[in-house]
>>> print(open('data.pdb').read())   # PDB, C-alpha atoms, pLDDT in the B column
ATOM      1  CA  MET A1087      19.267  31.630 -31.778  1.00 56.00           C
ATOM      2  CA  GLU A1088      18.599  32.376 -28.120  1.00 87.00           C
ATOM      3  CA  ASP A1089      15.248  30.553 -28.287  1.00 84.00           C
ATOM      4  CA  GLN A1090      16.954  27.485 -29.782  1.00 86.00           C
ATOM      5  CA  GLN A1091      19.452  27.375 -26.892  1.00 90.00           C
ATOM      6  CA  LYS A1092      16.691  27.822 -24.343  1.00 91.00           C
ATOM      7  CA  LEU A1093      14.720  25.008 -25.987  1.00 89.00           C
ATOM      8  CA  GLU A1094      17.735  22.701 -25.903  1.00 91.00           C
ATOM      9  CA  GLN A1095      18.251  23.518 -22.227  1.00 93.00           C
ATOM     10  CA  MET A1096      14.590  22.762 -21.443  1.00 92.00           C
ATOM     11  CA  ILE A1097      14.772  19.469 -23.339  1.00 92.00           C
ATOM     12  CA  ASN A1098      17.907  18.525 -21.405  1.00 95.00           C
ATOM     13  CA  GLU A1099      16.164  19.384 -18.120  1.00 95.00           C
ATOM     14  CA  LEU A1100      13.161  17.284 -19.094  1.00 94.00           C
ATOM     15  CA  ASN A1101      15.470  14.357 -19.929  1.00 95.00           C
ATOM     16  CA  VAL A1102      17.183  14.663 -16.535  1.00 96.00           C
ATOM     17  CA  TYR A1103      13.818  14.681 -14.767  1.00 96.00           C
ATOM     18  CA  GLU A1104      12.666  11.690 -16.807  1.00 95.00           C
ATOM     19  CA  ASN A1105      15.800   9.739 -15.799  1.00 96.00           C
ATOM     20  CA  GLN A1106      15.309  10.702 -12.147  1.00 96.00           C
ATOM     21  CA  SER A1107      11.702   9.592 -12.375  1.00 96.00           C
ATOM     22  CA  LYS A1108      12.662   6.193 -13.796  1.00 97.00           C
ATOM     23  CA  MET A1109      15.307   5.704 -11.117  1.00 97.00           C
ATOM     24  CA  LEU A1110      12.827   6.608  -8.368  1.00 97.00           C
ATOM     25  CA  GLN A1111      10.253   4.213  -9.812  1.00 97.00           C
ATOM     26  CA  GLN A1112      12.804   1.383  -9.708  1.00 98.00           C
ATOM     27  CA  GLN A1113      13.696   2.211  -6.111  1.00 98.00           C
ATOM     28  CA  ILE A1114      10.011   2.349  -5.184  1.00 98.00           C
ATOM     29  CA  GLU A1115       9.493  -1.101  -6.696  1.00 98.00           C
ATOM     30  CA  ALA A1116      12.474  -2.462  -4.737  1.00 98.00           C
ATOM     31  CA  ILE A1117      11.131  -1.030  -1.472  1.00 98.00           C
ATOM     32  CA  GLN A1118       7.678  -2.434  -2.175  1.00 98.00           C
ATOM     33  CA  ALA A1119       9.243  -5.859  -2.785  1.00 98.00           C
ATOM     34  CA  SER A1120      11.133  -5.584   0.512  1.00 97.00           C
ATOM     35  CA  LEU A1121       7.908  -4.669   2.302  1.00 98.00           C
ATOM     36  CA  LEU A1122       6.241  -7.765   0.843  1.00 98.00           C
ATOM     37  CA  GLU A1123       9.122  -9.907   2.139  1.00 96.00           C
ATOM     38  CA  VAL A1124       8.826  -8.387   5.618  1.00 96.00           C
ATOM     39  CA  ASP A1125       5.065  -9.006   5.573  1.00 97.00           C
ATOM     40  CA  ALA A1126       5.619 -12.621   4.527  1.00 96.00           C
ATOM     41  CA  LEU A1127       8.125 -13.177   7.334  1.00 95.00           C
ATOM     42  CA  GLU A1128       5.783 -11.596   9.891  1.00 95.00           C
ATOM     43  CA  SER A1129       3.001 -13.881   8.712  1.00 95.00           C
ATOM     44  CA  THR A1130       5.250 -16.951   8.857  1.00 92.00           C
ATOM     45  CA  LEU A1131       6.404 -16.122  12.391  1.00 93.00           C
ATOM     46  CA  GLU A1132       2.793 -15.676  13.461  1.00 92.00           C
ATOM     47  CA  ASP A1133       1.836 -19.027  11.882  1.00 90.00           C
ATOM     48  CA  LEU A1134       4.657 -20.791  13.765  1.00 89.00           C
ATOM     49  CA  LYS A1135       3.649 -19.299  17.105  1.00 86.00           C
ATOM     50  CA  ASP A1136       2.913 -21.930  19.778  1.00 87.00           C
ATOM     51  CA  LYS A1137       4.007 -24.807  17.522  1.00 90.00           C
ATOM     52  CA  LYS A1138       6.757 -27.109  18.802  1.00 90.00           C
ATOM     53  CA  SER A1139       7.738 -28.308  15.321  1.00 89.00           C
ATOM     54  CA  VAL A1140       6.526 -27.935  11.788  1.00 91.00           C
ATOM     55  CA  GLU A1141       7.165 -29.716   8.489  1.00 93.00           C
ATOM     56  CA  THR A1142       8.208 -27.631   5.536  1.00 92.00           C
ATOM     57  CA  LEU A1143       9.901 -27.756   2.152  1.00 94.00           C
ATOM     58  CA  VAL A1144      13.463 -26.475   1.926  1.00 94.00           C
ATOM     59  CA  PRO A1145      14.879 -25.320  -1.416  1.00 94.00           C
ATOM     60  CA  VAL A1146      18.059 -27.234  -2.275  1.00 95.00           C
ATOM     61  CA  GLY A1147      18.753 -25.669  -5.682  1.00 95.00           C
ATOM     62  CA  ALA A1148      17.778 -25.951  -9.327  1.00 96.00           C
ATOM     63  CA  GLY A1149      14.078 -25.705  -8.453  1.00 95.00           C
ATOM     64  CA  SER A1150      14.298 -28.756  -6.178  1.00 97.00           C
ATOM     65  CA  PHE A1151      13.053 -29.118  -2.601  1.00 96.00           C
ATOM     66  CA  MET A1152      13.396 -31.541   0.290  1.00 96.00           C
ATOM     67  CA  ASN A1153      11.073 -32.179   3.193  1.00 96.00           C
ATOM     68  CA  ALA A1154      12.400 -30.892   6.505  1.00 95.00           C
ATOM     69  CA  GLU A1155      11.194 -30.442  10.047  1.00 94.00           C
ATOM     70  CA  ILE A1156      11.730 -27.237  11.989  1.00 92.00           C
ATOM     71  CA  THR A1157      12.138 -28.323  15.598  1.00 92.00           C
ATOM     72  CA  ASN A1158      13.089 -24.988  17.163  1.00 91.00           C
ATOM     73  CA  THR A1159      10.340 -22.457  16.471  1.00 91.00           C
ATOM     74  CA  ASP A1160      11.463 -20.142  19.297  1.00 92.00           C
ATOM     75  CA  GLU A1161      14.426 -18.610  17.436  1.00 93.00           C
ATOM     76  CA  VAL A1162      15.079 -17.062  14.052  1.00 94.00           C
ATOM     77  CA  ILE A1163      18.408 -16.550  12.293  1.00 95.00           C
ATOM     78  CA  MET A1164      18.242 -13.073  10.760  1.00 95.00           C
ATOM     79  CA  SER A1165      20.578 -11.350   8.351  1.00 92.00           C
ATOM     80  CA  VAL A1166      21.954  -8.089   9.718  1.00 87.00           C
ATOM     81  CA  GLY A1167      23.860  -7.171   6.561  1.00 87.00           C
ATOM     82  CA  ALA A1168      27.400  -7.581   5.244  1.00 93.00           C
ATOM     83  CA  GLY A1169      26.919 -11.359   5.116  1.00 93.00           C
ATOM     84  CA  VAL A1170      26.366 -11.555   8.883  1.00 96.00           C
ATOM     85  CA  ALA A1171      23.413 -13.339  10.486  1.00 96.00           C
ATOM     86  CA  ILE A1172      22.466 -13.543  14.150  1.00 96.00           C
ATOM     87  CA  THR A1173      20.055 -15.647  16.178  1.00 96.00           C
ATOM     88  CA  LYS A1174      17.105 -13.795  17.691  1.00 96.00           C
ATOM     89  CA  SER A1175      14.065 -14.832  19.646  1.00 94.00           C
ATOM     90  CA  VAL A1176      10.811 -14.654  17.697  1.00 93.00           C
ATOM     91  CA  GLU A1177       9.731 -11.615  19.737  1.00 94.00           C
ATOM     92  CA  ASP A1178      13.031  -9.801  19.063  1.00 96.00           C
ATOM     93  CA  ALA A1179      12.720 -10.714  15.394  1.00 95.00           C
ATOM     94  CA  LYS A1180       9.211  -9.222  15.299  1.00 95.00           C
ATOM     95  CA  GLU A1181      10.527  -5.984  16.855  1.00 96.00           C
ATOM     96  CA  THR A1182      13.326  -5.855  14.277  1.00 95.00           C
ATOM     97  CA  LEU A1183      10.817  -6.431  11.485  1.00 96.00           C
ATOM     98  CA  SER A1184       8.598  -3.678  12.847  1.00 96.00           C
ATOM     99  CA  SER A1185      11.530  -1.238  12.788  1.00 96.00           C
ATOM    100  CA  GLN A1186      12.524  -2.323   9.282  1.00 96.00           C
ATOM    101  CA  LYS A1187       8.962  -1.913   8.087  1.00 97.00           C
ATOM    102  CA  GLU A1188       8.762   1.588   9.545  1.00 98.00           C
ATOM    103  CA  GLU A1189      12.044   2.596   7.875  1.00 97.00           C
ATOM    104  CA  LEU A1190      10.936   1.132   4.549  1.00 98.00           C
ATOM    105  CA  ASN A1191       7.589   2.938   4.720  1.00 98.00           C
ATOM    106  CA  ASP A1192       9.339   6.231   5.558  1.00 98.00           C
ATOM    107  CA  SER A1193      11.669   5.794   2.589  1.00 98.00           C
ATOM    108  CA  LEU A1194       8.743   4.868   0.354  1.00 98.00           C
ATOM    109  CA  ASP A1195       6.823   7.984   1.403  1.00 98.00           C
ATOM    110  CA  LYS A1196       9.831  10.218   0.681  1.00 98.00           C
ATOM    111  CA  MET A1197      10.376   8.655  -2.729  1.00 97.00           C
ATOM    112  CA  LEU A1198       6.710   8.947  -3.655  1.00 97.00           C
ATOM    113  CA  THR A1199       6.796  12.621  -2.644  1.00 98.00           C
ATOM    114  CA  ASN A1200       9.937  13.173  -4.757  1.00 97.00           C
ATOM    115  CA  LEU A1201       8.319  11.409  -7.707  1.00 97.00           C
ATOM    116  CA  GLN A1202       5.223  13.572  -7.370  1.00 97.00           C
ATOM    117  CA  ASN A1203       7.377  16.731  -7.257  1.00 97.00           C
ATOM    118  CA  ILE A1204       9.247  15.672 -10.387  1.00 96.00           C
ATOM    119  CA  SER A1205       5.946  14.957 -12.151  1.00 95.00           C
ATOM    120  CA  GLN A1206       4.705  18.453 -11.278  1.00 96.00           C
ATOM    121  CA  ILE A1207       7.887  20.058 -12.592  1.00 94.00           C
ATOM    122  CA  VAL A1208       7.641  18.077 -15.834  1.00 94.00           C
ATOM    123  CA  ALA A1209       3.973  19.062 -16.157  1.00 94.00           C
ATOM    124  CA  GLN A1210       5.022  22.723 -15.914  1.00 93.00           C
ATOM    125  CA  LEU A1211       8.037  22.489 -18.226  1.00 92.00           C
ATOM    126  CA  SER A1212       6.477  20.414 -21.011  1.00 92.00           C
ATOM    127  CA  PRO A1213       3.955  23.010 -22.228  1.00 92.00           C
ATOM    128  CA  GLN A1214       6.657  25.704 -22.067  1.00 90.00           C
ATOM    129  CA  ALA A1215       8.985  23.549 -24.158  1.00 89.00           C
ATOM    130  CA  GLU A1216       6.233  22.826 -26.676  1.00 90.00           C
ATOM    131  CA  GLU A1217       5.414  26.529 -26.955  1.00 89.00           C
ATOM    132  CA  LEU A1218       9.074  27.394 -27.465  1.00 88.00           C
ATOM    133  CA  MET A1219       9.415  24.626 -30.055  1.00 87.00           C
ATOM    134  CA  MET A1220       6.489  26.100 -32.007  1.00 88.00           C
ATOM    135  CA  LYS A1221       8.168  29.505 -31.860  1.00 86.00           C
ATOM    136  CA  VAL A1222      11.534  28.115 -33.018  1.00 83.00           C
ATOM    137  CA  GLN A1223       9.875  26.212 -35.882  1.00 84.00           C
ATOM    138  CA  GLY A1224       8.148  29.397 -37.007  1.00 77.00           C
ATOM    139  CA  GLY A1225       4.695  28.426 -35.856  1.00 59.00           C
ATOM    140  CA  GLN A1226       4.691  25.112 -37.713  1.00 55.00           C
ATOM    141  CA  PRO A1227       2.900  22.386 -35.757  1.00 55.00           C
ATOM    142  CA  THR A1228       5.140  19.503 -34.776  1.00 56.00           C
ATOM    143  CA  PRO A1229       4.600  16.397 -36.901  1.00 58.00           C
ATOM    144  CA  PRO A1230       3.038  13.452 -35.090  1.00 57.00           C
ATOM    145  CA  PRO A1231       5.449  10.702 -34.014  1.00 60.00           C
ATOM    146  CA  VAL A1232       5.831   7.867 -36.461  1.00 54.00           C
TER     147      VAL A1232
END
>>> encode(input="data.pdb", output="C-alpha cells")
Amino acid sequence: MEDQQKLEQMINELNVYENQSKMLQQQIEAIQASLLEVDALESTLEDLKDKKSVETLVPVGAGSFMNAEITNTDEVIMSVGAGVAITKSVEDAKETLSSQKEELNDSLDKMLTNLQNISQIVAQLSPQAEELMMKVQGGQPTPPPV
C-alpha cells in the first residue's frame, strides 16, 4: 500500500505543478500584453513628436468614434494607478515608459525562468510516476486514453 500512497502523492504534486504552470502562463500573457501597450504608446509619442496638432478618432462607446483634434502634443495624461492620472511632458512620459518596460521585462524573465523550472521538475516526476503506476498495477500497461 506504500507504493499506492507514494503514487497518489506524486500525482498530487504533478497537479500542483500543472496549476502553477497554467497560472504562470496567464501572467506571462498579461505581461506580454502590457509590453505591447507600452510599445504602442512609445510609437504614438514618437509619431506625435514635432507636430503642433493632429487629427484622430476618439472612441465614444459601443464601437463608435468621433473625429477630434489633439492641439497639445507636448503633454500626456498618464495613469499612475488607483484611478489617479497625472500630466507629464512627453519626455517625462517616455522615461516613465522606459522604467515600466524594464520592470515588465524583469518580471517576464523571472516568470519564464520559473516556468522552465516547473517544466523540468514535471519532466523528472512524470516518468517516476509512470514507473510507480506500472508497479502498483502489477506490471500491466496503462490503457490509452479514450
>>> axis_aligned_box(input="data.pdb", around="range 1087-1100 of chain A", padding_each_side="5 Å", output="AutoDock Vina command-line options")
--center_x 16.3 --center_y 24.8 --center_z -24.9 --size_x 16.3 --size_y 25.1 --size_z 23.7
>>> atom_distance(input="data.pdb", atom1="CA of Val1222 in chain A", atom2="CA of Glu1104 in chain A")
23.1 Å
>>> residues_near_point(input="data.pdb", point="(9.5, -14.6, 20.5)", cutoff="9 Å", atoms="all atoms listed in the file", output="ChimeraX atom specification")
/A:1131,1135,1159-1162,1174-1180
>>> resolve_selection(input="data.pdb", expression="the PyMOL selection byres ((chain A and resi 1195-1209) around 12)", output="PyMOL selection string")
chain A and resi 1096-1118+1188-1194+1210-1216
>>> closest_residue(input="data.pdb", among="A:Glu1094, A:Ser1139, A:Ser1129, A:Gly1167", to="Glu1155 in chain A", atoms="all atoms listed in the file")
A:Ser1139
>>> resolve_selection(input="data.pdb", expression="the PyMOL selection byres ((chain A and resi 1140) around 10)", output="number ranges by chain")
A: 1134, 1137-1139, 1141-1142, 1154-1159
>>> atom_distance(input="data.pdb", atom1="CA of Ser1120 in chain A", atom2="CA of Asp1133 in chain A")
19.9 Å
>>> resolve_selection(input="data.pdb", expression="the PyMOL selection byres ((chain A and resi 1089) around 9)", output="list in words")
Met1087, Glu1088, Gln1090, Gln1091, Lys1092, Leu1093, Glu1094, Leu1218, Met1219, Lys1221 and Val1222 of chain A
>>> atom_distance(input="data.pdb", atom1="CA of Phe1151 in chain A", atom2="CA of Leu1127 in chain A")
19.4 Å
>>> residues_around(input="data.pdb", residues="Ser1165 in chain A", least_positions_apart="5", cutoff="12 Å", atoms="only C-alpha atoms", output="ChimeraX atom specification")
/A:1170-1174,1179,1182-1183
>>> decode(input="data.pdb", residues="range 1143-1162 of chain A", atoms="C-alpha atoms", output="JSON list (two decimals), in the first residue's frame")
[["chain", "number", "residue", "atom", "x", "y", "z"],
["A", 1143, "LEU", "CA", -10.53, 59.22, -33.87],
["A", 1144, "VAL", "CA", -11.74, 59.09, -30.28],
["A", 1145, "PRO", "CA", -13.79, 56.12, -29.06],
["A", 1146, "VAL", "CA", -17.12, 57.29, -27.61],
["A", 1147, "GLY", "CA", -18.59, 53.87, -26.77],
["A", 1148, "ALA", "CA", -20.46, 50.99, -28.35],
["A", 1149, "GLY", "CA", -17.87, 50.70, -31.12],
["A", 1150, "SER", "CA", -18.45, 54.31, -32.19],
["A", 1151, "PHE", "CA", -15.86, 57.03, -32.81],
["A", 1152, "MET", "CA", -15.75, 60.78, -33.34],
["A", 1153, "ASN", "CA", -13.18, 62.89, -35.10],
["A", 1154, "ALA", "CA", -11.09, 65.01, -32.75],
["A", 1155, "GLU", "CA", -8.05, 67.23, -32.91],
["A", 1156, "ILE", "CA", -5.21, 66.98, -30.41],
["A", 1157, "THR", "CA", -3.89, 70.51, -30.04],
["A", 1158, "ASN", "CA", -1.42, 69.98, -27.20],
["A", 1159, "THR", "CA", 1.11, 67.34, -28.23],
["A", 1160, "ASP", "CA", 3.64, 68.43, -25.58],
["A", 1161, "GLU", "CA", 1.91, 66.74, -22.62],
["A", 1162, "VAL", "CA", 0.46, 63.34, -21.83]]
